[in-house]
file final.txt (compact mmCIF, C-alpha atoms (C1' of nucleotides))
# COMPACT_ATOMS: atom_id res chain seq x y z
CA MET A 188 -7.98 17.32 -10.34
CA TYR A 189 -5.31 16.62 -12.89
CA ILE A 190 -3.68 13.20 -12.81
CA SER A 191 -0.31 13.49 -14.50
CA ALA A 192 1.25 10.71 -16.47
CA ARG A 193 3.79 10.37 -13.67
CA ALA A 194 1.08 9.79 -11.09
CA ASP A 195 -0.85 7.46 -13.31
CA TYR A 196 2.19 5.37 -14.13
CA ALA A 197 3.26 5.30 -10.50
CA LEU A 198 -0.06 3.84 -9.40
CA ARG A 199 -0.11 1.28 -12.16
CA ALA A 200 3.44 0.25 -11.36
CA MET A 201 2.68 -0.11 -7.66
CA LEU A 202 -0.34 -2.24 -8.46
CA ALA A 203 1.73 -4.40 -10.75
CA VAL A 204 4.38 -4.88 -8.09
CA ALA A 205 1.76 -5.76 -5.52
CA ASP A 206 0.11 -8.20 -7.87
CA ALA A 207 3.30 -9.91 -8.94
CA ALA A 208 4.52 -10.29 -5.39
CA GLY A 209 1.18 -11.56 -4.16
CA SER A 210 0.61 -14.04 -6.94
CA THR A 211 3.93 -15.80 -6.62
CA GLY A 212 2.88 -17.34 -3.37
CA ASP A 213 4.49 -15.11 -0.78
CA PRO A 214 1.81 -13.01 0.92
CA ALA A 215 4.17 -12.10 3.71
CA ALA A 216 4.30 -8.61 5.16
CA GLY A 217 7.24 -6.68 3.75
CA GLY A 218 9.55 -8.54 1.43
CA GLY A 219 7.78 -10.45 -1.27
CA GLU A 220 9.11 -11.24 -4.68
CA LEU A 221 11.35 -8.82 -6.50
CA VAL A 222 9.89 -7.55 -9.75
CA LYS A 223 12.09 -6.13 -12.48
CA ALA A 224 11.42 -2.71 -13.91
CA ALA A 225 11.37 -4.15 -17.40
CA SER A 226 8.54 -6.51 -16.62
CA LEU A 227 6.51 -3.73 -15.00
CA ALA A 228 7.03 -1.57 -18.05
CA GLU A 229 5.85 -4.29 -20.34
CA SER A 230 2.82 -5.40 -18.37
CA GLN A 231 1.44 -1.86 -18.14
CA ASP A 232 2.78 -0.29 -21.34
CA ILE A 233 5.02 2.27 -19.67
CA PRO A 234 8.22 3.56 -21.31
CA LEU A 235 10.97 1.83 -19.41
CA SER A 236 13.40 4.68 -18.89
CA PHE A 237 10.60 7.00 -17.81
CA LEU A 238 9.36 4.38 -15.41
CA GLN A 239 12.79 4.10 -13.80
CA GLY A 240 12.63 7.71 -12.72
CA ILE A 241 9.23 7.13 -11.21
CA LEU A 242 10.38 4.03 -9.35
CA LEU A 243 13.18 6.12 -7.93
CA ASP A 244 10.66 8.58 -6.51
CA LEU A 245 8.66 5.76 -5.00
CA ARG A 246 11.77 4.34 -3.42
CA ARG A 247 12.82 7.67 -1.97
CA ALA A 248 9.33 8.06 -0.53
CA GLY A 249 9.78 4.76 1.24
CA LEU A 250 7.08 2.89 -0.64
CA LEU A 251 9.39 0.54 -2.51
CA HIS A 252 12.69 -1.02 -1.76
CA SER A 253 14.99 -2.14 -4.48
CA HIS A 254 17.79 -4.55 -5.02
CA ARG A 255 20.41 -4.37 -7.71
CA GLY A 256 22.16 -7.09 -9.61
CA THR A 257 21.18 -10.13 -11.61
CA GLU A 258 18.20 -11.12 -9.51
CA GLY A 259 17.38 -7.56 -8.62
CA GLY A 260 14.08 -5.74 -8.77
CA TYR A 261 11.53 -3.87 -6.73
CA ALA A 262 9.21 -4.84 -3.91
CA LEU A 263 6.74 -3.09 -1.64
CA THR A 264 7.98 -2.08 1.79
CA ARG A 265 4.54 -2.59 3.28
CA PRO A 266 1.63 -4.91 2.47
CA PRO A 267 -0.77 -3.57 -0.19
CA ALA A 268 -3.50 -3.02 2.38
CA GLU A 269 -1.31 -0.45 4.13
CA ILE A 270 -0.46 1.64 1.07
CA SER A 271 -3.07 4.12 -0.01
CA VAL A 272 -3.57 5.78 -3.36
CA GLY A 273 -2.84 9.07 -1.63
CA ASP A 274 0.54 7.80 -0.47
CA VAL A 275 1.51 7.11 -4.05
CA LEU A 276 0.16 10.40 -5.39
CA ARG A 277 2.04 12.40 -2.80
CA ALA A 278 5.23 10.45 -3.49
CA VAL A 279 5.34 11.59 -7.09
CA GLY A 280 3.31 14.75 -7.10
CA GLY A 281 3.75 16.92 -4.06
CA ALA A 282 0.63 18.76 -3.01
CA ILE A 283 -2.67 17.35 -4.23
CA THR A 284 -4.53 20.63 -4.60
CA SER A 285 -2.72 23.68 -5.85
CA VAL A 286 -3.69 27.12 -7.11
CA ARG A 287 -1.47 28.16 -10.00
CA GLY A 288 1.29 25.94 -8.74
CA ILE A 289 1.34 27.06 -5.13
CA PRO A 290 -0.24 24.91 -2.38
CA ALA A 291 -3.89 25.67 -1.74
CA ASP A 292 -3.41 26.67 1.88
CA ARG A 293 -1.24 29.64 1.13
CA ALA A 294 -3.06 31.25 -1.78
CA GLY A 295 -3.04 35.01 -1.39
CA TYR A 296 -6.55 36.33 -1.82
CA HIS A 297 -7.81 39.74 -0.96
CA GLY A 298 -11.00 41.74 -1.05
CA VAL A 299 -14.10 39.98 -2.21
CA ALA A 300 -12.25 36.79 -3.11
CA THR A 301 -11.11 35.96 0.42
CA GLY A 302 -13.51 33.05 0.81
CA LEU A 303 -12.02 31.11 -2.08
CA ARG A 304 -9.20 29.79 0.01
CA ASP A 305 -11.65 27.85 2.17
CA VAL A 306 -13.20 26.29 -0.88
CA TRP A 307 -9.89 24.90 -2.03
CA LEU A 308 -9.18 23.57 1.43
CA ALA A 309 -12.55 21.84 1.46
CA VAL A 310 -11.83 20.35 -1.94
CA ASP A 311 -8.45 19.18 -0.76
CA GLY A 312 -10.04 17.49 2.22
CA ALA A 313 -12.66 15.80 0.08
CA ILE A 314 -10.05 14.43 -2.27
CA ALA A 315 -7.87 13.25 0.58
CA LEU A 316 -10.81 11.39 2.07
CA VAL A 317 -11.14 9.33 -1.10
CA VAL A 318 -7.53 8.69 -1.96
CA ASP A 319 -6.41 8.02 1.58
CA ARG A 320 -9.15 5.50 2.24
CA THR A 321 -8.49 3.53 -0.92
CA THR A 322 -5.58 1.11 -0.68
CA LEU A 323 -3.77 -0.92 -3.26
CA ALA A 324 -5.38 -4.02 -1.81
CA ASP A 325 -8.80 -2.51 -2.41
CA LEU A 326 -7.97 -1.90 -6.02
CA LEU A 327 -6.61 -5.37 -6.55
CA SER A 328 -9.76 -6.97 -5.18
CA ASP A 329 -11.73 -4.74 -7.55
CA ARG A 330 -13.98 -3.09 -5.00
CA ALA A 331 -12.44 0.25 -5.68
CA THR A 332 -14.02 2.68 -3.28
CA ALA A 333 -15.61 0.68 -0.53
CA PRO A 334 -17.19 3.09 1.96
CA MET B 50 -6.73 19.32 -8.14
CA TYR B 51 -4.97 22.02 -10.09
CA ILE B 52 -6.63 25.44 -10.19
CA SER B 53 -5.35 27.25 -13.27
CA ALA B 54 -4.89 30.99 -13.41
CA ARG B 55 -7.84 31.12 -15.76
CA ALA B 56 -10.13 29.40 -13.28
CA ASP B 57 -8.86 31.46 -10.39
CA TYR B 58 -9.31 34.74 -12.25
CA ALA B 59 -12.75 33.69 -13.46
CA LEU B 60 -13.97 33.09 -9.93
CA ARG B 61 -12.52 36.32 -8.62
CA ALA B 62 -14.06 38.24 -11.48
CA MET B 63 -17.47 36.69 -10.91
CA LEU B 64 -17.29 37.53 -7.23
CA ALA B 65 -16.32 41.10 -8.05
CA VAL B 66 -19.22 41.44 -10.47
CA ALA B 67 -21.64 40.02 -7.91
CA ASP B 68 -20.31 42.33 -5.24
CA ALA B 69 -20.41 45.46 -7.36
CA ALA B 70 -23.92 44.78 -8.57
CA GLY B 71 -25.18 43.95 -5.10
CA SER B 72 -23.64 46.91 -3.35
CA THR B 73 -25.04 49.54 -5.69
CA GLY B 74 -28.47 48.97 -4.36
CA ASP B 75 -30.08 46.71 -6.91
CA PRO B 76 -30.46 43.22 -5.42
CA ALA B 77 -32.93 42.24 -8.14
CA ALA B 78 -32.78 38.86 -9.82
CA GLY B 79 -31.16 39.15 -13.23
CA GLY B 80 -29.97 42.55 -14.35
CA GLY B 81 -28.02 44.49 -11.80
CA GLU B 82 -25.41 47.13 -12.48
CA LEU B 83 -23.04 46.80 -15.37
CA VAL B 84 -19.40 46.51 -14.32
CA LYS B 85 -16.60 47.35 -16.73
CA ALA B 86 -13.82 44.87 -17.39
CA ALA B 87 -11.24 47.50 -16.51
CA SER B 88 -12.60 47.97 -13.01
CA LEU B 89 -12.71 44.23 -12.42
CA ALA B 90 -9.13 43.94 -13.57
CA GLU B 91 -8.04 46.64 -11.21
CA SER B 92 -9.94 45.52 -8.14
CA GLN B 93 -8.57 41.97 -8.32
CA ASP B 94 -5.18 42.56 -9.94
CA ILE B 95 -5.88 40.71 -13.16
CA PRO B 96 -4.20 41.61 -16.47
CA LEU B 97 -6.93 43.34 -18.45
CA SER B 98 -6.47 41.75 -21.85
CA PHE B 99 -6.21 38.31 -20.31
CA LEU B 100 -9.34 38.94 -18.32
CA GLN B 101 -11.30 39.87 -21.42
CA GLY B 102 -10.83 36.42 -22.87
CA ILE B 103 -12.05 34.89 -19.62
CA LEU B 104 -15.11 37.12 -19.50
CA LEU B 105 -15.89 35.97 -23.00
CA ASP B 106 -15.87 32.35 -21.86
CA LEU B 107 -18.15 33.19 -18.98
CA ARG B 108 -20.54 34.96 -21.30
CA ARG B 109 -20.60 32.07 -23.75
CA ALA B 110 -21.34 29.72 -20.87
CA GLY B 111 -24.36 31.85 -20.02
CA LEU B 112 -23.11 33.08 -16.66
CA LEU B 113 -22.64 36.71 -17.67
CA HIS B 114 -24.33 38.99 -20.09
CA SER B 115 -22.59 41.98 -21.53
CA HIS B 116 -23.31 45.29 -23.13
CA ARG B 117 -21.04 47.31 -25.36
CA GLY B 118 -20.61 51.01 -25.71
CA THR B 119 -20.04 53.94 -23.46
CA GLU B 120 -22.05 52.66 -20.51
CA GLY B 121 -21.24 49.02 -21.24
CA GLY B 122 -20.00 46.31 -18.94
CA TYR B 123 -20.82 42.92 -17.50
CA ALA B 124 -23.53 41.62 -15.19
CA LEU B 125 -24.60 38.25 -13.82
CA THR B 126 -27.43 36.48 -15.61
CA ARG B 127 -28.61 34.88 -12.36
CA PRO B 128 -28.49 35.92 -8.72
CA PRO B 129 -25.28 34.96 -6.89
CA ALA B 130 -27.09 32.34 -4.83
CA GLU B 131 -27.86 30.42 -8.01
CA ILE B 132 -24.33 30.33 -9.42
CA SER B 133 -22.02 27.70 -8.01
CA VAL B 134 -18.26 27.55 -7.99
CA GLY B 135 -18.56 24.44 -10.14
CA ASP B 136 -20.50 26.36 -12.77
CA VAL B 137 -17.66 28.82 -13.09
CA LEU B 138 -14.95 26.15 -13.13
CA ARG B 139 -16.68 24.20 -15.85
CA ALA B 140 -17.21 27.36 -17.89
CA VAL B 141 -13.50 28.00 -18.21
CA GLY B 142 -11.94 24.62 -17.68
CA GLY B 143 -13.89 21.78 -19.17
CA ALA B 144 -13.70 18.56 -17.17
CA ILE B 145 -12.81 18.88 -13.50
CA THR B 146 -10.92 15.63 -13.14
CA SER B 147 -8.76 14.43 -15.98
CA VAL B 148 -6.13 11.75 -16.40
CA ARG B 149 -3.27 12.91 -18.60
CA GLY B 150 -5.55 15.39 -20.27
CA ILE B 151 -8.41 13.06 -21.10
CA PRO B 152 -11.63 13.00 -19.04
CA ALA B 153 -11.53 10.63 -16.10
CA ASP B 154 -14.46 8.52 -17.23
CA ARG B 155 -12.81 7.29 -20.38
CA ALA B 156 -9.35 6.43 -19.17
CA GLY B 157 -8.20 3.20 -20.77
CA TYR B 158 -6.90 0.87 -18.08
CA HIS B 159 -6.17 -2.79 -18.43
CA GLY B 160 -4.97 -5.67 -16.38
CA VAL B 161 -4.25 -5.04 -12.75
CA ALA B 162 -4.96 -1.29 -13.02
CA THR B 163 -8.61 -1.61 -13.96
CA GLY B 164 -9.84 -0.38 -10.60
CA LEU B 165 -8.15 3.00 -10.93
CA ARG B 166 -10.91 4.38 -13.11
CA ASP B 167 -13.38 4.04 -10.24
CA VAL B 168 -11.06 5.94 -7.94
CA TRP B 169 -10.96 8.90 -10.30
CA LEU B 170 -14.71 8.84 -10.64
CA ALA B 171 -15.05 8.84 -6.86
CA VAL B 172 -12.65 11.78 -6.63
CA ASP B 173 -14.57 13.61 -9.30
CA GLY B 174 -17.78 13.09 -7.37
CA ALA B 175 -16.24 14.28 -4.13
CA ILE B 176 -14.96 17.46 -5.75
CA ALA B 177 -18.27 18.10 -7.46
CA LEU B 178 -20.03 17.81 -4.14
CA VAL B 179 -17.99 20.66 -2.73
CA VAL B 180 -17.86 23.00 -5.70
CA ASP B 181 -21.47 22.51 -6.70
CA ARG B 182 -22.80 23.19 -3.22
CA THR B 183 -20.84 26.38 -2.76
CA THR B 184 -22.38 29.42 -4.43
CA LEU B 185 -21.06 32.88 -5.04
CA ALA B 186 -23.47 34.15 -2.40
CA ASP B 187 -21.93 31.78 0.14
CA LEU B 188 -18.49 33.14 -0.59
CA LEU B 189 -19.60 36.73 -0.36
CA SER B 190 -21.13 36.17 3.06
CA ASP B 191 -17.87 34.50 4.10
CA ARG B 192 -19.30 31.18 5.24
CA ALA B 193 -17.50 29.37 2.49
CA THR B 194 -18.45 25.72 2.78
CA ALA B 195 -21.54 25.44 4.89
CA PRO B 196 -22.54 21.77 5.05
C1' DA C 166 -18.85 61.78 -36.85
C1' DG C 167 -16.55 60.50 -32.72
C1' DT C 168 -15.68 58.09 -28.62
C1' DC C 169 -16.13 54.28 -25.55
C1' DT C 170 -16.48 49.60 -24.73
C1' DT C 171 -16.96 44.84 -25.63
C1' DC C 172 -15.61 41.35 -28.94
C1' DC C 173 -12.40 38.43 -31.46
C1' DT C 174 -8.22 36.57 -33.55
C1' DA C 175 -3.58 35.74 -33.77
C1' DC C 176 0.60 35.57 -31.67
C1' DC C 177 4.68 35.17 -28.26
C1' DA C 178 7.26 33.65 -24.26
C1' DA C 179 7.97 30.76 -20.39
C1' DC C 180 7.23 26.77 -18.21
C1' DT C 181 6.20 22.01 -17.35
C1' DA C 182 5.46 17.28 -18.59
C1' DA C 183 6.99 13.45 -21.10
C1' DA C 184 10.31 10.85 -22.98
C1' DT C 185 15.30 9.59 -24.31
C1' DA C 186 20.23 8.60 -23.86
C1' DG C 187 24.18 7.34 -21.65
C1' DG C 188 26.73 6.31 -18.24
C1' DA C 189 28.07 5.19 -13.35
C1' DA C 190 27.49 2.06 -9.10
C1' DT C 191 26.25 -2.37 -7.29
C1' DA C 192 25.49 -7.28 -6.79
C1' DC C 193 25.64 -11.79 -8.11
C1' DT C 194 27.92 -15.76 -11.03
C1' DG C 195 31.35 -18.72 -12.47
C1' DC D 8 38.67 -11.72 -10.05
C1' DA D 9 36.65 -10.90 -14.51
C1' DG D 10 32.02 -10.56 -16.48
C1' DT D 11 27.32 -9.62 -16.76
C1' DA D 12 22.84 -8.10 -15.34
C1' DT D 13 20.51 -4.74 -13.17
C1' DT D 14 19.34 -0.69 -10.58
C1' DC D 15 20.57 4.06 -10.12
C1' DC D 16 21.26 8.85 -11.53
C1' DT D 17 21.86 13.01 -14.48
C1' DA D 18 21.55 15.68 -18.60
C1' DT D 19 19.12 16.63 -22.71
C1' DT D 20 15.52 16.84 -26.12
C1' DT D 21 10.81 17.45 -27.52
C1' DA D 22 6.06 18.73 -27.44
C1' DG D 23 2.20 20.86 -25.39
C1' DT D 24 -0.03 23.95 -22.22
C1' DT D 25 -0.41 28.18 -19.74
C1' DG D 26 -0.10 32.85 -18.97
C1' DG D 27 0.01 36.98 -21.18
C1' DT D 28 0.10 40.64 -25.16
C1' DA D 29 -1.25 43.26 -29.44
C1' DG D 30 -4.20 45.08 -32.66
C1' DG D 31 -7.92 45.77 -34.55
C1' DA D 32 -13.37 45.10 -35.91
C1' DA D 33 -18.19 45.57 -34.32
C1' DG D 34 -21.54 47.65 -31.75
C1' DA D 35 -23.60 51.60 -28.65
C1' DC D 36 -24.24 56.01 -26.99
C1' DT D 37 -23.55 61.31 -27.30

call {"tool": "encode", "arguments": {"input": "final.txt", "output": "structure tokens"}}
result
Amino acid sequence: MYISARADYALRAMLAVADAAGSTGDPAAGGGELVKAASLAESQDIPLSFLQGILLDLRRAGLLHSHRGTEGGYALTRPPAEISVGDVLRAVGGAITSVRGIPADRAGYHGVATGLRDVWLAVDGAIALVVDRTTLADLLSDRATAP
Amino acid sequence: MYISARADYALRAMLAVADAAGSTGDPAAGGGELVKAASLAESQDIPLSFLQGILLDLRRAGLLHSHRGTEGGYALTRPPAEISVGDVLRAVGGAITSVRGIPADRAGYHGVATGLRDVWLAVDGAIALVVDRTTLADLLSDRATAP
DNA sequence: AGTCTTCCTACCAACTAAATAGGAATACTG
DNA sequence: CAGTATTCCTATTTAGTTGGTAGGAAGACT
């Protein structure tokens, strides 16, 4: 599994948003505090203009909502316990398992290699089990992969 | 998880070697029939000169042994039931899970993102469980991921 | 000697990821 | 209604990897 810089940054940014919103005293469901892109970039060492493109992806995927203007910024659309690592990965990355760029479930094998497709599907399922069960809230409370 | 062309070709080539050796009547442990690179390339539609580099990797990893000359070719060093998909992947690819190119277990996180490292390790373990339990023999008998 | 085959190195082309720059559109402030 | 802060969006540059090719050198058999 290859975690791209985009995916890595996206997760770190989401965690930073969740943390900032939670720590400023408003643990309510959706809204929370608005966090500026610049402060996310600084707290996690992410190039600002690159981060902005990532935040855009996250917004389009419905994980963040944003507000422009002087007191603008970003906030989670759902509480951290309802956003999984898999949600974030899929928002920026597309398919999680791919064979030479094409999704694992449509790899064209023939002859003696036919069984390979099932292996990739099994791998995909195993990965999904981990990343879909782990939420941002889990990560923030530092028990990363509670069974 | 991204399966590169190299990894994909390597697996298909190994399966083709295992199949050719098994079907010519010598199901003995090590040796088997020697299969030429050219016939592997043809049976699985792999560019020959690209395949040769891959076969070299597999040989250096101890999965194949080769013989030059007129009746040369490649053969498995172990029976198909003792070679896992993971063995082949690691032979051509290095680490299975990597974050931005560096191995998952040494990703440098700080602050609120500390927990991410454990997620990648969990993913790595989940993938390993699948690819290390599936052998070439499993794939050849078409019951890909028997639990 | 003469083939046949693996072995090895160097190289090229295309693509993707990563990062940058610059400008709209939008929202609040006074 | 100007002015400013900020998100939003697109185009471009840069660097690295991947996929693939070419051309021999080394070994093995006839």

call {"tool": "residues_around", "arguments": {"input": "final.txt", "residues": "DG30 of chain D", "least_positions_apart": "4", "cutoff": "12 Å", "atoms": "all atoms listed in the file", "output": "ChimeraX atom specification"}}
result
/B:98 /C:173-176

call {"tool": "interface_residues", "arguments": {"input": "final.txt", "of": "chain A", "to": "chain D", "cutoff": "6 Å", "atoms": "all atoms listed in the file", "output": "PDB file with C-alpha atoms, in the coordinates of the input"}}
result
ATOM      1  CA  ARG A 255      20.410  -4.370  -7.710  1.00  0.00           C
ATOM      2  CA  GLY A 256      22.160  -7.090  -9.610  1.00  0.00           C
ATOM      3  CA  THR A 257      21.180 -10.130 -11.610  1.00  0.00           C
TER       4      THR A 257
END

call {"tool": "residues_around", "arguments": {"input": "final.txt", "residues": "Ile52 of chain B", "least_positions_apart": "4", "cutoff": "9 Å", "atoms": "only C-alpha atoms (C1' of nucleotides)", "output": "list in words"}}
result
Met188, Thr284, Ser285, Val286, Arg287, Gly288, Ala291 and Trp307 of chain A; Ala56, Asp57 and Leu138 of chain B

call {"tool": "calpha_fit_and_write", "arguments": {"input": "final.txt", "fixed": "chain A", "moving": "chain B", "output": "compact mmCIF listing (two decimals) with C-alpha atoms, in the coordinates of the input"}}
result
# COMPACT_ATOMS: atom_id res chain seq x y z
CA MET B 50 -8.07 17.25 -10.36
CA TYR B 51 -5.41 16.58 -12.94
CA ILE B 52 -3.75 13.16 -12.85
CA SER B 53 -0.36 13.48 -14.54
CA ALA B 54 1.22 10.68 -16.50
CA ARG B 55 3.74 10.34 -13.71
CA ALA B 56 1.05 9.78 -11.10
CA ASP B 57 -0.88 7.43 -13.33
CA TYR B 58 2.18 5.34 -14.15
CA ALA B 59 3.24 5.29 -10.50
CA LEU B 60 -0.07 3.82 -9.41
CA ARG B 61 -0.12 1.24 -12.17
CA ALA B 62 3.43 0.23 -11.36
CA MET B 63 2.66 -0.13 -7.67
CA LEU B 64 -0.36 -2.26 -8.46
CA ALA B 65 1.72 -4.44 -10.76
CA VAL B 66 4.38 -4.90 -8.10
CA ALA B 67 1.75 -5.79 -5.51
CA ASP B 68 0.11 -8.23 -7.87
CA ALA B 69 3.31 -9.94 -8.93
CA ALA B 70 4.53 -10.32 -5.38
CA GLY B 71 1.18 -11.59 -4.15
CA SER B 72 0.62 -14.10 -6.91
CA THR B 73 3.97 -15.84 -6.56
CA GLY B 74 2.91 -17.33 -3.32
CA ASP B 75 4.49 -15.10 -0.72
CA PRO B 76 1.77 -13.03 0.96
CA ALA B 77 4.12 -12.11 3.81
CA ALA B 78 4.26 -8.61 5.21
CA GLY B 79 7.29 -6.78 3.88
CA GLY B 80 9.55 -8.59 1.47
CA GLY B 81 7.80 -10.43 -1.30
CA GLU B 82 9.20 -11.23 -4.71
CA LEU B 83 11.42 -8.80 -6.51
CA VAL B 84 9.94 -7.51 -9.76
CA LYS B 85 12.16 -6.05 -12.47
CA ALA B 86 11.45 -2.63 -13.90
CA ALA B 87 11.42 -4.08 -17.40
CA SER B 88 8.59 -6.46 -16.63
CA LEU B 89 6.55 -3.70 -15.01
CA ALA B 90 7.08 -1.53 -18.05
CA GLU B 91 5.91 -4.26 -20.34
CA SER B 92 2.88 -5.39 -18.38
CA GLN B 93 1.45 -1.86 -18.13
CA ASP B 94 2.79 -0.29 -21.32
CA ILE B 95 5.04 2.26 -19.68
CA PRO B 96 8.22 3.58 -21.33
CA LEU B 97 11.02 1.87 -19.43
CA SER B 98 13.41 4.76 -18.93
CA PHE B 99 10.60 7.03 -17.84
CA LEU B 100 9.39 4.42 -15.42
CA GLN B 101 12.80 4.14 -13.80
CA GLY B 102 12.67 7.74 -12.68
CA ILE B 103 9.24 7.14 -11.18
CA LEU B 104 10.37 4.03 -9.35
CA LEU B 105 13.17 6.09 -7.90
CA ASP B 106 10.67 8.57 -6.49
CA LEU B 107 8.65 5.77 -4.99
CA ARG B 108 11.74 4.31 -3.39
CA ARG B 109 12.80 7.65 -1.95
CA ALA B 110 9.32 8.07 -0.52
CA GLY B 111 9.74 4.75 1.27
CA LEU B 112 7.05 2.87 -0.63
CA LEU B 113 9.38 0.53 -2.49
CA HIS B 114 12.69 -1.02 -1.73
CA SER B 115 15.01 -2.15 -4.45
CA HIS B 116 17.88 -4.48 -5.06
CA ARG B 117 20.47 -4.27 -7.79
CA GLY B 118 22.24 -6.96 -9.69
CA THR B 119 21.32 -10.04 -11.60
CA GLU B 120 18.35 -11.04 -9.47
CA GLY B 121 17.45 -7.45 -8.63
CA GLY B 122 14.12 -5.68 -8.79
CA TYR B 123 11.54 -3.85 -6.74
CA ALA B 124 9.22 -4.86 -3.92
CA LEU B 125 6.73 -3.12 -1.65
CA THR B 126 7.95 -2.09 1.79
CA ARG B 127 4.49 -2.62 3.28
CA PRO B 128 1.59 -4.92 2.47
CA PRO B 129 -0.82 -3.58 -0.17
CA ALA B 130 -3.54 -3.04 2.40
CA GLU B 131 -1.35 -0.48 4.14
CA ILE B 132 -0.50 1.62 1.09
CA SER B 133 -3.10 4.13 -0.02
CA VAL B 134 -3.60 5.78 -3.36
CA GLY B 135 -2.87 9.07 -1.63
CA ASP B 136 0.51 7.80 -0.48
CA VAL B 137 1.48 7.09 -4.05
CA LEU B 138 0.13 10.39 -5.39
CA ARG B 139 2.01 12.39 -2.81
CA ALA B 140 5.20 10.45 -3.49
CA VAL B 141 5.33 11.57 -7.10
CA GLY B 142 3.31 14.74 -7.14
CA GLY B 143 3.73 16.87 -4.08
CA ALA B 144 0.59 18.75 -3.06
CA ILE B 145 -2.71 17.34 -4.27
CA THR B 146 -4.56 20.60 -4.65
CA SER B 147 -2.71 23.64 -5.90
CA VAL B 148 -3.70 27.07 -7.13
CA ARG B 149 -1.56 28.20 -10.04
CA GLY B 150 1.22 25.94 -8.89
CA ILE B 151 1.35 27.01 -5.26
CA PRO B 152 -0.19 24.89 -2.47
CA ALA B 153 -3.83 25.65 -1.80
CA ASP B 154 -3.33 26.63 1.82
CA ARG B 155 -1.15 29.61 1.08
CA ALA B 156 -2.98 31.22 -1.79
CA GLY B 157 -2.96 34.98 -1.36
CA TYR B 158 -6.49 36.30 -1.77
CA HIS B 159 -7.74 39.72 -0.88
CA GLY B 160 -10.90 41.71 -0.92
CA VAL B 161 -14.02 39.99 -2.10
CA ALA B 162 -12.18 36.76 -3.00
CA THR B 163 -11.05 35.92 0.50
CA GLY B 164 -13.46 33.03 0.86
CA LEU B 165 -11.98 31.10 -2.06
CA ARG B 166 -9.14 29.75 0.03
CA ASP B 167 -11.61 27.84 2.19
CA VAL B 168 -13.18 26.29 -0.87
CA TRP B 169 -9.86 24.89 -2.02
CA LEU B 170 -9.15 23.55 1.42
CA ALA B 171 -12.55 21.85 1.45
CA VAL B 172 -11.83 20.34 -1.97
CA ASP B 173 -8.46 19.17 -0.79
CA GLY B 174 -10.06 17.49 2.19
CA ALA B 175 -12.69 15.81 0.06
CA ILE B 176 -10.08 14.41 -2.31
CA ALA B 177 -7.90 13.25 0.55
CA LEU B 178 -10.83 11.39 2.02
CA VAL B 179 -11.19 9.32 -1.12
CA VAL B 180 -7.56 8.70 -2.00
CA ASP B 181 -6.45 8.03 1.55
CA ARG B 182 -9.18 5.50 2.21
CA THR B 183 -8.53 3.51 -0.93
CA THR B 184 -5.61 1.10 -0.67
CA LEU B 185 -3.81 -0.92 -3.27
CA ALA B 186 -5.42 -4.03 -1.81
CA ASP B 187 -8.86 -2.52 -2.41
CA LEU B 188 -8.03 -1.92 -6.04
CA LEU B 189 -6.66 -5.39 -6.54
CA SER B 190 -9.82 -6.97 -5.18
CA ASP B 191 -11.80 -4.71 -7.51
CA ARG B 192 -14.02 -3.07 -4.92
CA ALA B 193 -12.46 0.28 -5.59
CA THR B 194 -14.09 2.74 -3.23
CA ALA B 195 -15.78 0.84 -0.47
CA PRO B 196 -17.29 3.35 1.95

call {"tool": "interface_residues", "arguments": {"input": "final.txt", "of": "chain B", "to": "chain A", "cutoff": "7 Å", "atoms": "only C-alpha atoms", "output": "PDB file with C-alpha atoms, in the frame of the given file"}}
result
ATOM      1  CA  MET B  50      -6.730  19.320  -8.140  1.00  0.00           C
ATOM      2  CA  TYR B  51      -4.970  22.020 -10.090  1.00  0.00           C
ATOM      3  CA  ILE B  52      -6.630  25.440 -10.190  1.00  0.00           C
ATOM      4  CA  SER B  53      -5.350  27.250 -13.270  1.00  0.00           C
ATOM      5  CA  ALA B  54      -4.890  30.990 -13.410  1.00  0.00           C
ATOM      6  CA  ARG B  61     -12.520  36.320  -8.620  1.00  0.00           C
ATOM      7  CA  LEU B  64     -17.290  37.530  -7.230  1.00  0.00           C
ATOM      8  CA  ALA B  65     -16.320  41.100  -8.050  1.00  0.00           C
ATOM      9  CA  ILE B 145     -12.810  18.880 -13.500  1.00  0.00           C
ATOM     10  CA  THR B 146     -10.920  15.630 -13.140  1.00  0.00           C
ATOM     11  CA  SER B 147      -8.760  14.430 -15.980  1.00  0.00           C
ATOM     12  CA  VAL B 148      -6.130  11.750 -16.400  1.00  0.00           C
ATOM     13  CA  ARG B 149      -3.270  12.910 -18.600  1.00  0.00           C
ATOM     14  CA  VAL B 161      -4.250  -5.040 -12.750  1.00  0.00           C
ATOM     15  CA  ALA B 162      -4.960  -1.290 -13.020  1.00  0.00           C
ATOM     16  CA  GLY B 164      -9.840  -0.380 -10.600  1.00  0.00           C
ATOM     17  CA  LEU B 165      -8.150   3.000 -10.930  1.00  0.00           C
ATOM     18  CA  ASP B 167     -13.380   4.040 -10.240  1.00  0.00           C
ATOM     19  CA  VAL B 168     -11.060   5.940  -7.940  1.00  0.00           C
ATOM     20  CA  ALA B 171     -15.050   8.840  -6.860  1.00  0.00           C
ATOM     21  CA  VAL B 172     -12.650  11.780  -6.630  1.00  0.00           C
ATOM     22  CA  ALA B 175     -16.240  14.280  -4.130  1.00  0.00           C
ATOM     23  CA  ILE B 176     -14.960  17.460  -5.750  1.00  0.00           C
ATOM     24  CA  VAL B 179     -17.990  20.660  -2.730  1.00  0.00           C
ATOM     25  CA  LEU B 188     -18.490  33.140  -0.590  1.00  0.00           C
ATOM     26  CA  LEU B 189     -19.600  36.730  -0.360  1.00  0.00           C
ATOM     27  CA  ASP B 191     -17.870  34.500   4.100  1.00  0.00           C
ATOM     28  CA  ALA B 193     -17.500  29.370   2.490  1.00  0.00           C
ATOM     29  CA  THR B 194     -18.450  25.720   2.780  1.00  0.00           C
TER      30      THR B 194
END
